[in-house]
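Engineer: Below is the structure I would like to discuss, written out as structure tokens.
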Amino acid sequence: MRLLPLSMVRPGMKLGKKIYNEEGLVLLGEQVELTQTLINRLGKHGVDFLYIADPRTDDIIIPEILSDGTRLRAISEIRTSFRKLMDDSMKRKSVGFVQMGRAFRDVMNLIIDDLSGHKDAMIMLTNMSVMDDYLFQHSLNVCIYSTMLGMAHGYNRDELMTLGLGSLLHDIGKTQIPIELLRKNAKLTDDEFSCIKKHAEYGYYLLKDEPNIPLLAAHCAFQHHERLNGSGYPRGIEGTAIHDYARWIGLVDSYDAMTTHRVYRKAMLPHQAMEIIFAGTETLYDKSKIELFRDKIAIYPIGLTVTLNTGESGIVVGLNKLVPQRPIVRVLTDEDGQESQAPQDVDLSKRLSLMITGVNEIESA
């Protein structure tokens, strides 16, 4: 399969990977033939990229790090709980949050179990081909990224549970923000942005006294927008005054926001988002955390179309864990744009004279 921006998807192409609806259920299965109507509908629902079946890459399988059952349970719990809090704004005791806390712990146990089977996996984009409300899917994405990084960092299961709950619930305070403000597709006024920023405090107060939610998870909600140099909010604290978990979540939260479709802009690709993250080294984010993230993130995801400095183009078919910025590329066209009759896989970690100079610059055959 190959990963294409929606703008390059054409009627008649077939899906290479399932698309989930906002309930976490499979909406469109693999090998479904796309029509212009389907393509347009996916675009309206915020899907910017699709995995497309391609006979030249039939041997490429992208494993799901969460089982369908875990994904469905997680999305269902997030949606149900967050919507109750939205409907019962500032009256959370009436919605049985003690039971919600237990349910979220159960979800985190499932997530940790699933991810434990993929400890050595590179972190791939988790938000491709999902039609969902941004808040719900973003919460799960940040949880997956943070938990995988926590495993790579060496946290034990209890620590992963706290980090995972903090990341899963880091934006729960947004349930107390007017929905029309969260979905506004124009520039926010100063007053509107001030209102949005209050979600960090709201999240802390929603979580801090719950017996089934660790107090540190509440502090993750409180601190995930704080930055090393004190430029964050809501308190402008800096350095080690920000808890380690919150610094992990702040980094991942920024990355996922950039690589996810928003009402006011399209999603970036991983390598573009990582350039922005690197610009914040030791001012916004810890250098050591960025370096671990860099070593674990697939900045050129499997299936991505890339152009090499030779003018040849191909598809990323494999990743190198030690040098993720230099993947394995299946060269499909030569420097003149002519399709190769015998595609070859080139390992960029061994061919140092070759470099990726562009992405998604050729049409699918």
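To be explicit about the labels: the chains of the structure tokens are called A, B, and onward in the order shown, and within each one the residues are counted from 1, while ligands get numbers from 1 in the order they are shown.
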Using only C-alpha atoms, tabulate the residues of stretch 128-189 of chain A lying at most 8 Å from any atom of stretch 201-209 of chain A, each with its closest atom pair and that distance in Å to one decimal, by chain and increasing residue number, as JSON lines.
Structural biologist:
```
{"residue": "A:Leu169", "atom": "CA", "partner": "A:Gly203", "partner_atom": "CA", "distance": 7.9}
{"residue": "A:His170", "atom": "CA", "partner": "A:Gly203", "partner_atom": "CA", "distance": 7.0}
{"residue": "A:Asp171", "atom": "CA", "partner": "A:Gly203", "partner_atom": "CA", "distance": 6.7}
{"residue": "A:Ile172", "atom": "CA", "partner": "A:Gly203", "partner_atom": "CA", "distance": 5.3}
{"residue": "A:Gly173", "atom": "CA", "partner": "A:Gly203", "partner_atom": "CA", "distance": 3.7}
{"residue": "A:Lys174", "atom": "CA", "partner": "A:Gly203", "partner_atom": "CA", "distance": 7.5}
{"residue": "A:Gln176", "atom": "CA", "partner": "A:Tyr202", "partner_atom": "CA", "distance": 7.1}
```
Engineer: For the residues in the current selection, export N, CA and C atoms as a PDB file, in the first residue's frame.
Structural biologist:
```
ATOM      1  N   LEU A 169      -6.349  11.910  29.407  1.00  0.00           N
ATOM      2  CA  LEU A 169      -7.284  12.901  29.949  1.00  0.00           C
ATOM      3  C   LEU A 169      -6.716  14.318  29.953  1.00  0.00           C
ATOM      4  N   HIS A 170      -5.607  14.535  29.233  1.00  0.00           N
ATOM      5  CA  HIS A 170      -4.945  15.845  29.314  1.00  0.00           C
ATOM      6  C   HIS A 170      -5.843  16.989  28.840  1.00  0.00           C
ATOM      7  N   ASP A 171      -6.753  16.706  27.912  1.00  0.00           N
ATOM      8  CA  ASP A 171      -7.625  17.761  27.374  1.00  0.00           C
ATOM      9  C   ASP A 171      -9.047  17.676  27.895  1.00  0.00           C
ATOM     10  N   ILE A 172      -9.271  16.961  28.989  1.00  0.00           N
ATOM     11  CA  ILE A 172     -10.638  16.794  29.487  1.00  0.00           C
ATOM     12  C   ILE A 172     -11.264  18.131  29.872  1.00  0.00           C
ATOM     13  N   GLY A 173     -10.423  19.107  30.203  1.00  0.00           N
ATOM     14  CA  GLY A 173     -10.940  20.430  30.538  1.00  0.00           C
ATOM     15  C   GLY A 173     -11.660  21.105  29.385  1.00  0.00           C
ATOM     16  N   LYS A 174     -11.393  20.655  28.153  1.00  0.00           N
ATOM     17  CA  LYS A 174     -12.075  21.250  26.997  1.00  0.00           C
ATOM     18  C   LYS A 174     -13.563  20.911  26.974  1.00  0.00           C
ATOM     19  N   GLN A 176     -15.430  21.716  29.170  1.00  0.00           N
ATOM     20  CA  GLN A 176     -16.053  22.855  29.830  1.00  0.00           C
ATOM     21  C   GLN A 176     -15.961  24.135  28.992  1.00  0.00           C
TER      22      GLN A 176
END
```
Engineer: Could you name the residues that touch A:Gly230 at 12 Å or less, counting only C-alpha atoms, but leaving out those on the same chain fewer than 2 positions away, as JSON, numbers by chain?
Structural biologist: {"A": [223, 225, 226, 227, 228, 232, 233, 234, 235, 236, 237, 238, 239, 240, 241, 242, 282, 283, 284, 285]}
Engineer: Just asking: which residues within stretch 196-349 of chain A are alpha helix (DSSP H) according to DSSP, as a PyMOL selection string?
Structural biologist: chain A and resi 196-197+199-207+215-223+244-258+270-279+287-296
Engineer: Have a look at A:Thr259, A:Thr305, A:Gln341, A:Thr175 and name the one nearest to A:Ile356; count only C-alpha atoms.
Structural biologist: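 Smallest distance to A:Ile356 is found for A:Thr305.
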Engineer: Any chance you could list, as a ChimeraX atom specification, the residues in stretch 94-331 of chain A that come up strand (DSSP E or B) when DSSP is run on the backbone?
Structural biologist: /A:123,130,262,265,281,285,297,304-308,313-318,328-331
Engineer: Pick from A:Arg247, A:Arg262, A:His224, A:Arg41: nearest to A:Arg183, with only C-alpha atoms counted?
Structural biologist: A:Arg262
Engineer: Suppose you want the space between atom CA of A:Leu27 and atom CA of A:Ile144; what is it in Å?
Structural biologist: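 Here the two named atoms are 21.9 Å from each other.
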Engineer: Find the residues near A:Gly337: any atom within 10 Å, counting only C-alpha atoms, skip ones fewer than 2 places away on the same chain, and give them as a list in words.
Structural biologist: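 After dropping sequence-adjacent residues, the list is Gly311, Glu312, Ser313, Leu332, Thr333, Asp334, Glu335, Glu339, Ser340 and Ile362 of chain A.
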Engineer: Identify, on the basis of only C-alpha atoms, every residue whose closest approach to A:Lys14 does not exceed 7 Å; exclude the query and any residue fewer than 2 positions from it along the same chain; express the result as a VMD selection string.
Structural biologist: chain A and resid 12 16 31 to 34 52 to 53
Engineer: Could you save the residues just selected, with N, CA, C and O atoms, as a short mmCIF file (atom, residue, chain, number, x, y, z; two decimals), in the first residue's frame?
Structural biologist:
```cif
data_model
loop_
_atom_site.label_atom_id
_atom_site.label_comp_id
_atom_site.auth_asym_id
_atom_site.auth_seq_id
_atom_site.Cartn_x
_atom_site.Cartn_y
_atom_site.Cartn_z
N GLY A 12 -11.61 5.08 -8.46
CA GLY A 12 -11.12 3.81 -8.98
C GLY A 12 -10.00 3.23 -8.15
O GLY A 12 -9.74 2.02 -8.21
N GLY A 16 -6.14 0.71 0.97
CA GLY A 16 -5.17 -0.26 1.44
C GLY A 16 -5.29 -0.52 2.92
O GLY A 16 -4.70 -1.45 3.46
N GLN A 31 -9.58 -2.65 0.31
CA GLN A 31 -9.93 -2.99 -1.07
C GLN A 31 -11.24 -2.37 -1.55
O GLN A 31 -11.69 -2.66 -2.66
N VAL A 32 -11.86 -1.51 -0.74
CA VAL A 32 -13.05 -0.79 -1.21
C VAL A 32 -12.63 0.19 -2.30
O VAL A 32 -11.66 0.95 -2.14
N GLU A 33 -13.35 0.16 -3.42
CA GLU A 33 -13.03 1.06 -4.52
C GLU A 33 -13.62 2.44 -4.25
O GLU A 33 -14.80 2.58 -3.92
N LEU A 34 -12.79 3.45 -4.37
CA LEU A 34 -13.21 4.81 -4.04
C LEU A 34 -13.89 5.48 -5.22
O LEU A 34 -13.46 5.36 -6.37
N ILE A 52 -3.54 3.68 0.10
CA ILE A 52 -4.12 3.18 -1.14
C ILE A 52 -3.42 1.88 -1.54
O ILE A 52 -2.19 1.78 -1.48
N ALA A 53 -4.22 0.89 -1.96
CA ALA A 53 -3.65 -0.38 -2.42
C ALA A 53 -2.83 -0.15 -3.68
O ALA A 53 -3.22 0.63 -4.56
#
```
Engineer: If you count only C-alpha atoms, which residues fall within 10 Å of A:Leu322, apart from same-chain ones fewer than 5 positions away, as a PyMOL selection string?
Structural biologist: chain A and resi 295-296+349
Engineer: Using the selection just defined, write its residues with N, CA and C atoms as a PDB file, in the first residue's frame.
Structural biologist:
```
ATOM      1  N   ASP A 295      14.177   9.337  17.715  1.00  0.00           N
ATOM      2  CA  ASP A 295      14.658   7.979  17.479  1.00  0.00           C
ATOM      3  C   ASP A 295      13.520   6.959  17.386  1.00  0.00           C
ATOM      4  N   LYS A 296      12.336   7.335  17.874  1.00  0.00           N
ATOM      5  CA  LYS A 296      11.206   6.394  17.879  1.00  0.00           C
ATOM      6  C   LYS A 296      10.143   6.714  16.838  1.00  0.00           C
ATOM      7  N   SER A 349      20.257   3.921   4.688  1.00  0.00           N
ATOM      8  CA  SER A 349      21.254   3.901   5.766  1.00  0.00           C
ATOM      9  C   SER A 349      22.582   3.336   5.272  1.00  0.00           C
TER      10      SER A 349
END
```
Engineer: For each of A:Gly314, A:Ile60, A:Met124, A:Gln272, take the minimum atom-to-atom distance to A:Gln338, counting only C-alpha atoms, then give the residue where this is smallest.
Structural biologist: A:Gly314
Engineer: For A:Ala217, find every residue with an atom within 9 Å (counting only C-alpha atoms), except residues of its own chain fewer than 3 positions away, and show them as a list of chain:residue names.
Structural biologist: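 My list of contacting residues is A:Thr162, A:Leu163, A:Gly164, A:Leu165, A:Gly166, A:Ser167, A:Leu169, A:His170, A:Tyr204, A:Leu207, A:Lys208, A:Ile213, A:Pro214, A:Cys220, A:Ala221, A:Phe222, A:Tyr245, A:Ala246.
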Engineer: Between atom CA of A:Gln99 and atom CA of A:Ile65, measure the distance and give it in Å to one decimal.
Structural biologist: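 So the two atoms, atom CA of A:Gln99 and atom CA of A:Ile65, lie 27.0 Å apart.
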Engineer: What is the distance between atom CA of A:Tyr255 and atom CA of A:Asp286, in Å to one decimal?
Structural biologist: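 Between atom CA of A:Tyr255 and atom CA of A:Asp286 the gap works out to 14.0 Å.
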Engineer: Which of these, A:Ile302, A:Ile328, A:Ala74, A:Met108, has the shortest distance to A:Glu159 once you count only C-alpha atoms?
Structural biologist: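 Of all the options, A:Met108 lies closest to A:Glu159.
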Engineer: Residues at most 12 Å from stretch 114-122 of chain A, counting only C-alpha atoms, excluding those fewer than 3 positions away in the same chain, as a VMD selection string?
Structural biologist: chain A and resid 62 to 71 107 to 111 125 to 126 143 to 154 156 to 157 160 164 292 to 302 318 to 325 327
Engineer: Taking only C-alpha atoms into account, which of A:Leu135, A:Ile112, A:Leu354, A:Met161 comes nearest A:Thr260?
Structural biologist: A:Leu135
